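S.K.: This is coords_36.cif, which holds mmCIF, C-alpha atoms:
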```cif
data_upload
loop_
_atom_site.group_PDB
_atom_site.id
_atom_site.type_symbol
_atom_site.label_atom_id
_atom_site.label_comp_id
_atom_site.auth_asym_id
_atom_site.auth_seq_id
_atom_site.Cartn_x
_atom_site.Cartn_y
_atom_site.Cartn_z
ATOM 1 C CA TYR A 24 76.132 110.783 131.097
ATOM 2 C CA ILE A 25 79.443 110.120 129.320
ATOM 3 C CA PHE A 26 81.922 112.884 128.588
ATOM 4 C CA HIS A 27 85.291 112.547 126.881
ATOM 5 C CA MET A 28 88.146 114.695 128.145
ATOM 6 C CA THR A 29 90.121 115.183 124.960
ATOM 7 C CA PRO A 30 93.918 115.599 124.925
ATOM 8 C CA PHE A 31 93.547 117.823 121.846
ATOM 9 C CA VAL A 32 92.360 121.012 123.551
ATOM 10 C CA LYS A 33 94.568 123.015 125.923
ATOM 11 C CA ALA A 34 93.056 126.058 127.601
ATOM 12 C CA THR A 35 95.588 128.643 128.720
ATOM 13 C CA LYS A 36 95.389 132.380 129.329
ATOM 14 C CA ALA A 37 98.049 132.983 126.672
ATOM 15 C CA LEU A 38 96.082 131.031 124.050
ATOM 16 C CA ALA A 39 92.821 132.769 124.991
ATOM 17 C CA LEU A 40 94.540 136.142 124.508
ATOM 18 C CA GLN A 41 95.872 135.121 121.078
ATOM 19 C CA ILE A 42 92.371 134.058 120.012
ATOM 20 C CA MET A 43 90.853 137.324 121.270
ATOM 21 C CA LEU A 44 93.479 139.302 119.328
ATOM 22 C CA GLY A 45 92.764 137.348 116.158
ATOM 23 C CA LEU A 46 96.251 135.868 116.034
ATOM 24 C CA THR A 47 94.924 132.319 115.961
ATOM 25 C CA SER A 48 91.649 130.421 116.333
ATOM 26 C CA ALA A 49 90.369 127.697 118.610
ATOM 27 C CA GLY A 50 90.423 125.238 115.717
ATOM 28 C CA GLU A 51 94.008 126.034 114.745
ATOM 29 C CA SER A 52 95.139 125.248 118.289
ATOM 30 C CA MET A 53 93.589 121.769 118.245
ATOM 31 C CA ARG A 54 96.343 119.159 118.191
ATOM 32 C CA TYR A 55 97.545 116.304 120.363
ATOM 33 C CA TYR A 56 99.070 117.425 123.676
ATOM 34 C CA ASP A 57 100.840 114.437 125.211
ATOM 35 C CA ASP A 58 100.728 116.001 128.688
ATOM 36 C CA LEU A 59 96.910 115.969 128.759
ATOM 37 C CA PRO A 60 94.814 112.922 129.695
ATOM 38 C CA SER A 61 92.429 111.090 127.412
ATOM 39 C CA ARG A 62 89.663 110.201 129.824
ATOM 40 C CA PHE A 63 85.965 109.376 130.076
ATOM 41 C CA VAL A 64 83.998 110.980 132.880
ATOM 42 C CA LEU A 65 80.743 109.267 133.873
ATOM 43 C CA LEU A 66 78.092 111.280 135.705
ATOM 44 C CA PRO A 67 75.209 109.266 137.227
ATOM 45 C CA ARG A 68 71.910 110.589 135.889
ATOM 46 C CA ASN A 69 70.283 110.308 139.313
ATOM 47 C CA GLY A 70 73.102 112.016 141.148
ATOM 48 C CA GLY A 71 76.117 110.618 142.896
ATOM 49 C CA LYS A 72 79.872 110.674 142.562
ATOM 50 C CA SER A 73 81.460 110.922 139.127
ATOM 51 C CA ILE A 74 83.674 108.119 137.812
ATOM 52 C CA SER A 75 86.762 108.631 135.627
ATOM 53 C CA VAL A 76 88.488 106.035 133.446
ATOM 54 C CA ASP A 77 91.480 106.575 131.167
ATOM 55 C CA VAL A 78 91.470 105.505 127.518
ATOM 56 C CA ASP A 79 93.999 105.445 124.681
ATOM 57 C CA PRO A 80 94.751 108.951 123.323
ATOM 58 C CA CYS A 81 92.144 109.973 120.750
ATOM 59 C CA HIS A 82 89.692 112.723 119.925
ATOM 60 C CA ILE A 83 85.943 112.073 119.658
ATOM 61 C CA PHE A 84 83.470 114.381 117.968
ATOM 62 C CA HIS A 85 80.555 111.967 117.629
ATOM 63 C CA PHE A 86 79.123 108.927 119.409
ATOM 64 C CA GLY A 87 77.013 106.121 117.944
ATOM 65 C CA THR A 88 75.134 103.364 119.772
ATOM 66 C CA SER A 89 75.185 103.075 123.570
ATOM 67 C CA GLU A 90 73.729 100.923 126.339
ATOM 68 C CA GLN A 91 74.249 99.966 129.983
ATOM 69 C CA ARG A 92 73.919 96.494 131.456
ATOM 70 C CA GLY A 93 74.579 96.456 135.167
ATOM 71 C CA ASP A 94 78.022 97.881 135.832
ATOM 72 C CA VAL A 95 79.053 97.706 132.176
ATOM 73 C CA ILE A 96 78.562 100.524 129.664
ATOM 74 C CA GLU A 97 79.166 99.840 125.983
ATOM 75 C CA PHE A 98 79.087 102.321 123.136
ATOM 76 C CA THR A 99 80.557 103.122 119.745
ATOM 77 C CA ALA A 100 82.265 106.333 118.691
ATOM 78 C CA VAL A 101 84.303 107.706 115.803
ATOM 79 C CA CYS A 102 87.887 108.225 116.955
ATOM 80 C CA LEU A 103 90.621 110.413 115.502
ATOM 81 C CA ASP A 104 94.208 109.398 116.249
ATOM 82 C CA THR A 105 97.093 111.463 117.610
ATOM 83 C CA ASN A 106 97.941 112.863 114.137
ATOM 84 C CA PHE A 107 94.619 114.716 113.970
ATOM 85 C CA ASN A 108 94.540 118.486 113.591
ATOM 86 C CA MET A 109 92.228 121.079 112.047
ATOM 87 C CA THR A 110 94.155 121.623 108.819
ATOM 88 C CA PHE A 111 91.731 122.298 105.947
ATOM 89 C CA ASP A 112 92.100 119.162 103.823
ATOM 90 C CA SER A 113 92.036 119.388 100.016
ATOM 91 C CA LYS A 114 89.654 122.376 100.270
ATOM 92 C CA ILE A 115 86.803 119.990 101.109
ATOM 93 C CA TRP A 116 87.081 119.088 104.799
ATOM 94 C CA LEU A 117 87.782 120.851 108.083
ATOM 95 C CA SER A 118 90.457 118.496 109.399
ATOM 96 C CA ASN A 119 93.370 116.495 108.000
ATOM 97 C CA THR A 120 91.284 113.411 107.237
ATOM 98 C CA SER A 121 93.662 112.302 104.490
ATOM 99 C CA VAL A 122 96.257 111.775 107.235
ATOM 100 C CA SER A 123 94.041 111.055 110.251
ATOM 101 C CA PRO A 124 90.700 109.546 109.209
ATOM 102 C CA GLY A 125 87.923 108.825 111.673
ATOM 103 C CA ARG A 126 87.493 105.131 112.520
ATOM 104 C CA LEU A 127 84.607 103.495 114.348
ATOM 105 C CA TYR A 128 85.542 101.935 117.698
ATOM 106 C CA HIS A 129 83.578 99.950 120.242
ATOM 107 C CA PHE A 130 84.160 100.891 123.891
ATOM 108 C CA ARG A 131 83.481 98.845 127.009
ATOM 109 C CA ILE A 132 83.636 100.524 130.419
ATOM 110 C CA ASP A 133 83.500 98.395 133.550
ATOM 111 C CA ILE A 134 82.323 100.750 136.284
ATOM 112 C CA GLY A 135 83.196 98.369 139.130
ATOM 113 C CA LYS A 136 86.748 97.802 137.924
ATOM 114 C CA GLN A 137 87.040 101.341 136.529
ATOM 115 C CA THR A 138 88.579 100.076 133.298
ATOM 116 C CA CYS A 139 87.979 100.909 129.660
ATOM 117 C CA THR A 140 88.829 98.934 126.539
ATOM 118 C CA ARG A 141 88.302 99.873 122.923
ATOM 119 C CA THR A 142 88.229 97.792 119.742
ATOM 120 C CA LEU A 143 88.332 98.892 116.116
ATOM 121 C CA VAL A 144 85.118 97.665 114.472
ATOM 122 C CA ASP A 145 85.211 99.324 111.029
ATOM 123 C CA LYS A 146 88.241 100.277 108.935
ATOM 124 C CA ALA A 147 86.555 102.761 106.595
ATOM 125 C CA SER A 148 87.140 106.493 106.912
ATOM 126 C CA VAL A 149 83.899 107.577 108.607
ATOM 127 C CA GLU A 150 82.156 110.389 110.453
ATOM 128 C CA PHE A 151 78.732 111.510 111.693
ATOM 129 C CA PRO A 152 77.233 108.212 112.935
ATOM 130 C CA SER A 153 73.431 108.306 112.931
ATOM 131 C CA VAL A 154 71.292 105.963 115.043
ATOM 132 C CA HIS A 155 67.610 105.390 115.754
ATOM 133 C CA PRO A 156 66.569 108.764 117.240
ATOM 134 C CA TYR A 157 64.092 107.343 119.758
ATOM 135 C CA ARG A 158 66.210 104.504 121.137
ATOM 136 C CA HIS A 159 69.240 106.306 122.522
ATOM 137 C CA GLY A 160 70.667 104.339 125.414
ATOM 138 C CA GLN A 161 68.202 101.459 125.150
ATOM 139 C CA GLN A 162 69.572 97.961 125.521
ATOM 140 C CA GLY A 163 70.063 96.021 122.322
ATOM 141 C CA GLY A 164 70.873 98.934 119.999
ATOM 142 C CA ARG A 165 72.869 97.595 117.047
ATOM 143 C CA PHE A 166 72.942 99.911 114.048
ATOM 144 C CA ALA A 167 74.866 103.050 113.103
ATOM 145 C CA TYR A 168 74.750 104.736 109.700
ATOM 146 C CA MET A 169 77.832 106.759 108.766
ATOM 147 C CA MET A 170 79.045 108.890 105.923
ATOM 148 C CA ALA A 171 82.180 107.186 104.719
ATOM 149 C CA SER A 172 84.931 106.756 102.210
ATOM 150 C CA ASP A 173 84.988 103.000 101.773
ATOM 151 C CA ARG A 174 87.269 103.010 98.724
ATOM 152 C CA LYS A 175 90.793 101.627 98.970
ATOM 153 C CA GLY A 176 93.432 104.342 99.190
ATOM 154 C CA TYR A 177 90.964 107.210 99.720
ATOM 155 C CA ASN A 178 89.991 108.758 103.047
ATOM 156 C CA LEU A 179 88.272 111.691 101.299
ATOM 157 C CA PRO A 180 85.866 112.717 99.925
ATOM 158 C CA TYR A 181 83.005 111.046 101.761
ATOM 159 C CA ARG A 182 81.071 109.298 98.996
ATOM 160 C CA ASP A 183 79.531 106.244 100.652
ATOM 161 C CA ILE A 184 77.216 105.224 103.491
ATOM 162 C CA VAL A 185 78.259 102.410 105.829
ATOM 163 C CA LYS A 186 75.649 100.634 107.934
ATOM 164 C CA HIS A 187 77.449 99.047 110.865
ATOM 165 C CA ASP A 188 75.841 96.247 112.847
ATOM 166 C CA LEU A 189 77.285 95.408 116.276
ATOM 167 C CA HIS A 190 76.397 91.782 115.571
ATOM 168 C CA GLY A 191 79.036 91.755 112.856
ATOM 169 C CA SER A 192 77.299 92.423 109.539
ATOM 170 C CA ARG A 193 77.939 95.443 107.332
ATOM 171 C CA GLN A 194 76.301 97.107 104.361
ATOM 172 C CA VAL A 195 77.635 99.857 102.082
ATOM 173 C CA TRP A 196 75.939 102.075 99.519
ATOM 174 C CA TYR A 197 78.364 103.591 97.012
ATOM 175 C CA SER A 198 77.177 106.902 95.603
ATOM 176 C CA HIS A 199 78.084 108.684 92.373
ATOM 177 C CA GLY A 200 78.863 111.980 94.108
ATOM 178 C CA ALA A 201 79.759 113.343 97.544
ATOM 179 C CA ILE A 202 77.456 112.923 100.542
ATOM 180 C CA GLY A 203 76.617 114.640 103.792
ATOM 181 C CA GLU A 204 75.499 113.213 107.118
ATOM 182 C CA PRO A 205 72.991 110.349 106.776
ATOM 183 C CA VAL A 206 69.839 110.586 108.867
ATOM 184 C CA PHE A 207 67.875 107.528 109.994
ATOM 185 C CA VAL A 208 64.104 107.981 109.709
ATOM 186 C CA PRO A 209 62.072 105.310 111.584
ATOM 187 C CA ARG A 210 59.081 104.145 109.582
ATOM 188 C CA GLY A 211 56.920 103.896 112.680
ATOM 189 C CA GLY A 212 57.569 107.444 113.871
ATOM 190 C CA TYR A 213 57.587 108.123 117.609
ATOM 191 C CA SER A 214 55.956 104.777 118.419
ATOM 192 C CA SER A 215 59.016 102.955 117.072
ATOM 193 C CA TRP A 216 60.830 103.475 120.377
ATOM 194 C CA GLN A 217 59.027 100.351 121.589
ATOM 195 C CA HIS A 218 60.347 96.912 120.837
ATOM 196 C CA SER A 219 56.913 95.262 120.911
ATOM 197 C CA PRO A 220 56.029 93.417 117.681
ATOM 198 C CA SER A 221 52.509 94.836 117.988
ATOM 199 C CA HIS A 222 53.836 98.298 117.110
ATOM 200 C CA PRO A 223 54.923 99.378 113.596
ATOM 201 C CA GLY A 224 58.647 99.767 113.188
ATOM 202 C CA ALA A 225 59.452 97.264 115.918
ATOM 203 C CA ASP A 226 62.764 96.390 114.249
ATOM 204 C CA GLU A 227 65.491 98.893 114.990
ATOM 205 C CA ASP A 228 66.381 99.315 111.309
ATOM 206 C CA ASP A 229 62.790 99.413 110.025
ATOM 207 C CA GLY A 230 62.950 102.773 108.312
ATOM 208 C CA TYR A 231 64.827 104.863 105.823
ATOM 209 C CA VAL A 232 68.200 106.555 105.471
ATOM 210 C CA LEU A 233 67.982 110.095 104.091
ATOM 211 C CA VAL A 234 71.168 111.736 102.799
ATOM 212 C CA GLN A 235 72.210 114.809 100.861
ATOM 213 C CA LEU A 236 74.150 113.972 97.676
ATOM 214 C CA TYR A 237 76.160 116.520 95.721
ATOM 215 C CA LEU A 238 76.823 115.856 92.027
ATOM 216 C CA PRO A 239 79.954 117.852 91.115
ATOM 217 C CA ASP A 240 79.695 117.377 87.344
ATOM 218 C CA ALA A 241 76.189 118.860 87.269
ATOM 219 C CA HIS A 242 76.757 121.176 90.276
ATOM 220 C CA ARG A 243 73.430 120.030 91.686
ATOM 221 C CA THR A 244 72.144 118.368 94.834
ATOM 222 C CA GLU A 245 69.848 115.407 95.291
ATOM 223 C CA PHE A 246 68.356 113.907 98.420
ATOM 224 C CA ILE A 247 68.615 110.125 98.418
ATOM 225 C CA ILE A 248 66.290 107.788 100.306
ATOM 226 C CA LEU A 249 67.473 104.248 101.053
ATOM 227 C CA ASP A 250 65.719 101.320 102.688
ATOM 228 C CA ALA A 251 67.697 101.090 105.932
ATOM 229 C CA ARG A 252 67.296 97.314 106.038
ATOM 230 C CA ASP A 253 68.632 96.673 102.532
ATOM 231 C CA PHE A 254 71.151 98.948 100.828
ATOM 232 C CA SER A 255 71.639 96.492 97.962
ATOM 233 C CA GLN A 256 68.578 97.710 96.053
ATOM 234 C CA GLY A 257 69.982 101.245 95.940
ATOM 235 C CA PRO A 258 67.862 104.387 96.327
ATOM 236 C CA ILE A 259 64.135 103.801 96.528
ATOM 237 C CA ALA A 260 63.535 107.507 95.845
ATOM 238 C CA ARG A 261 65.472 110.591 94.737
ATOM 239 C CA ILE A 262 64.551 114.235 95.258
ATOM 240 C CA LYS A 263 66.318 116.009 92.390
ATOM 241 C CA LEU A 264 66.905 119.733 92.871
ATOM 242 C CA LYS A 265 67.691 122.219 90.108
ATOM 243 C CA HIS A 266 70.623 123.680 92.020
ATOM 244 C CA HIS A 267 73.154 122.770 94.686
ATOM 245 C CA ILE A 268 72.822 123.169 98.464
ATOM 246 C CA PRO A 269 75.898 124.093 100.516
ATOM 247 C CA TYR A 270 76.872 121.442 103.007
ATOM 248 C CA GLY A 271 75.599 121.561 106.550
ATOM 249 C CA PHE A 272 76.989 119.509 109.398
ATOM 250 C CA HIS A 273 74.001 117.781 110.929
ATOM 251 C CA GLY A 274 70.476 116.797 110.016
ATOM 252 C CA THR A 275 67.441 115.535 111.854
ATOM 253 C CA PHE A 276 63.952 114.332 111.039
ATOM 254 C CA THR A 277 60.586 114.718 112.693
ATOM 255 C CA PRO A 278 57.283 113.165 111.586
ATOM 256 C CA HIS A 279 55.589 116.517 112.247
ATOM 257 C CA THR A 280 55.663 119.793 110.343
ATOM 258 C CA PHE A 281 56.049 122.967 112.382
ATOM 259 C CA LEU A 282 54.863 126.210 110.815
ATOM 260 C CA SER A 283 54.976 129.650 112.392
ATOM 261 C CA VAL A 284 52.630 131.280 109.848
ATOM 262 C CA PRO A 285 49.207 130.281 108.489
ATOM 263 C CA LEU A 286 49.300 127.959 105.501
ATOM 264 C CA HIS A 287 47.532 130.416 103.200
ATOM 265 C CA LEU A 288 50.335 132.953 103.675
ATOM 266 C CA LEU A 289 53.031 130.587 102.447
ATOM 267 C CA ALA A 290 54.252 131.186 98.901
ATOM 268 C CA LYS A 291 54.474 128.208 96.609
ATOM 269 C CA SER A 292 58.036 126.997 96.137
ATOM 270 C CA LYS A 293 59.620 127.457 92.731
ATOM 271 C CA LEU A 294 61.656 124.286 93.257
#
```
What does the file become when written as structure tokens?
M.R.:
Amino acid sequence: YIFHMTPFVKATKALALQIMLGLTSAGESMRYYDDLPSRFVLLPRNGGKSISVDVDPCHIFHFGTSEQRGDVIEFTAVCLDTNFNMTFDSKIWLSNTSVSPGRLYHFRIDIGKQTCTRTLVDKASVEFPSVHPYRHGQQGGRFAYMMASDRKGYNLPYRDIVKHDLHGSRQVWYSHGAIGEPVFVPRGGYSSWQHSPSHPGADEDDGYVLVQLYLPDAHRTEFIILDARDFSQGPIARIKLKHHIPYGFHGTFTPHTFLSVPLHLLAKSKL
């Protein structure tokens, strides 16, 4: 297990008291504290002693791909630099993304040497990386799908989807609105965790990207479905709603439907 000790959160009795009294909030106190370490802590899944390695100062909300080969762990994550804080940006985002955008980095931890290096792998303003849901931690994982602002001079709003490939390629879909977190939906369902060509969805990106799209001019929401292997053809389907849906943070997908009441008791949707 990999945990990041962030240098952006300082827990003190005085701060806890201020939060309890309503004088401030946990988010408002998030900023870079240069006296705190930026450090990864590795906990062996089968037990054993933890390992700590220092890394350049940054804050990480979300991780992308990850794998371990011997004593080397590699993963991607969206990093916020030392200018990051939780100032509400342009009335559309929780942090000061215009000043401190998230960037995708690749990390390499050598357990034997207890060293960590990181490399910038995408320059767009990004967040919420989504990966194949049934291949977390498997060797060979390549793809992350991120909501992004890939337009020169703009870190906000998030209008685009970037597909990042660790092998070096990159695809972008440019929307005509503002998007939420993309969700990767494997075409083969649960069986797609296997790499065997005899199973459907053997390719890691054989599936779809589902994303919420807000159209400000019409004040309506659509759900967009893209072919995860080829963004160039644009949406292969759109679910057009008659109203807007407030933004949520995270999405997920399951090939099953879970109902807590009998089907005949469900009212037909007016949508």
S.K.: In Å, with one decimal, what is the gap from CA of Arg193 (chain A) to CA of Asn106 (chain A)?
M.R.: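 Between CA of Arg193 (chain A) and CA of Asn106 (chain A) the gap works out to 27.4 Å.
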S.K.: Between A:Arg126, A:Arg210, A:Lys265, A:Arg141, which is the closest to Pro156 (chain A) once you count all atoms listed in the file?
M.R.: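 Comparing A:Arg126, A:Arg210, A:Lys265, A:Arg141 against Pro156 (chain A), the winner is A:Arg210.
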S.K.: Ranking A:Tyr55, A:Phe31, A:Phe107, A:Tyr237 by minimum distance to Gly203 (chain A) and counting only C-alpha atoms, which one comes first?
M.R.: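 Going through A:Tyr55, A:Phe31, A:Phe107, A:Tyr237 one by one, the smallest distance to Gly203 (chain A) is for A:Tyr237.
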S.K.: Apply the PyMOL selection byres ((chain A and resi 63-77) around 9) to the structure shown and report the selected residues as a PDB file with C-alpha atoms, in the frame of the given file.
M.R.:
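Resulting contents of part_25.pdb:
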```
ATOM      1  CA  TYR A  24      76.132 110.783 131.097  1.00  0.00           C
ATOM      2  CA  ILE A  25      79.443 110.120 129.320  1.00  0.00           C
ATOM      3  CA  PHE A  26      81.922 112.884 128.588  1.00  0.00           C
ATOM      4  CA  HIS A  27      85.291 112.547 126.881  1.00  0.00           C
ATOM      5  CA  MET A  28      88.146 114.695 128.145  1.00  0.00           C
ATOM      6  CA  THR A  29      90.121 115.183 124.960  1.00  0.00           C
ATOM      7  CA  PRO A  60      94.814 112.922 129.695  1.00  0.00           C
ATOM      8  CA  SER A  61      92.429 111.090 127.412  1.00  0.00           C
ATOM      9  CA  ARG A  62      89.663 110.201 129.824  1.00  0.00           C
ATOM     10  CA  VAL A  78      91.470 105.505 127.518  1.00  0.00           C
ATOM     11  CA  ASP A  79      93.999 105.445 124.681  1.00  0.00           C
ATOM     12  CA  PRO A  80      94.751 108.951 123.323  1.00  0.00           C
ATOM     13  CA  ILE A 132      83.636 100.524 130.419  1.00  0.00           C
ATOM     14  CA  ILE A 134      82.323 100.750 136.284  1.00  0.00           C
ATOM     15  CA  GLN A 137      87.040 101.341 136.529  1.00  0.00           C
ATOM     16  CA  THR A 138      88.579 100.076 133.298  1.00  0.00           C
ATOM     17  CA  CYS A 139      87.979 100.909 129.660  1.00  0.00           C
TER      18      CYS A 139
END
```
S.K.: Show me, as a list in words, the residues that have an atom within 12 Å of region 113-117 of chain A when counting all atoms listed in the file, minus same-chain residues fewer than 3 positions from it.
M.R.: Gly50, Glu51, Met53, Phe107, Asn108, Met109, Thr110, Thr120, Ser121, Val122, Ser123, Pro124, Glu150, Asn178, Leu179, Pro180, Tyr181, Ala201, Ile202, Gly203, Pro269, Tyr270, Gly271 and Phe272 of chain A
S.K.: Between CA of Asp173 (chain A) and CA of Val195 (chain A), what distance in Å does the model show, to one decimal?
M.R.: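 Going from CA of Asp173 (chain A) over to CA of Val195 (chain A) covers 8.0 Å.
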S.K.: Counting all atoms listed in the file, which residue out of A:Glu227, A:Ser192, A:Gly211, A:Ile262 sits closest to Pro278 (chain A)?
M.R.: A:Gly211
S.K.: Tell me which of A:Ser214, A:Ser52, A:Thr105, A:Ile96 sits closest to Ala37 (chain A), counting all atoms listed in the file.
M.R.: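 Result for the nearest residue to Ala37 (chain A): A:Ser52.
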S.K.: Applied to this file, what does the PyMOL selection byres ((chain A and resi 251-257) around 7) return in terms of residues, put as a ChimeraX atom specification?
M.R.: /A:194-196,228-232,249-250,258-259
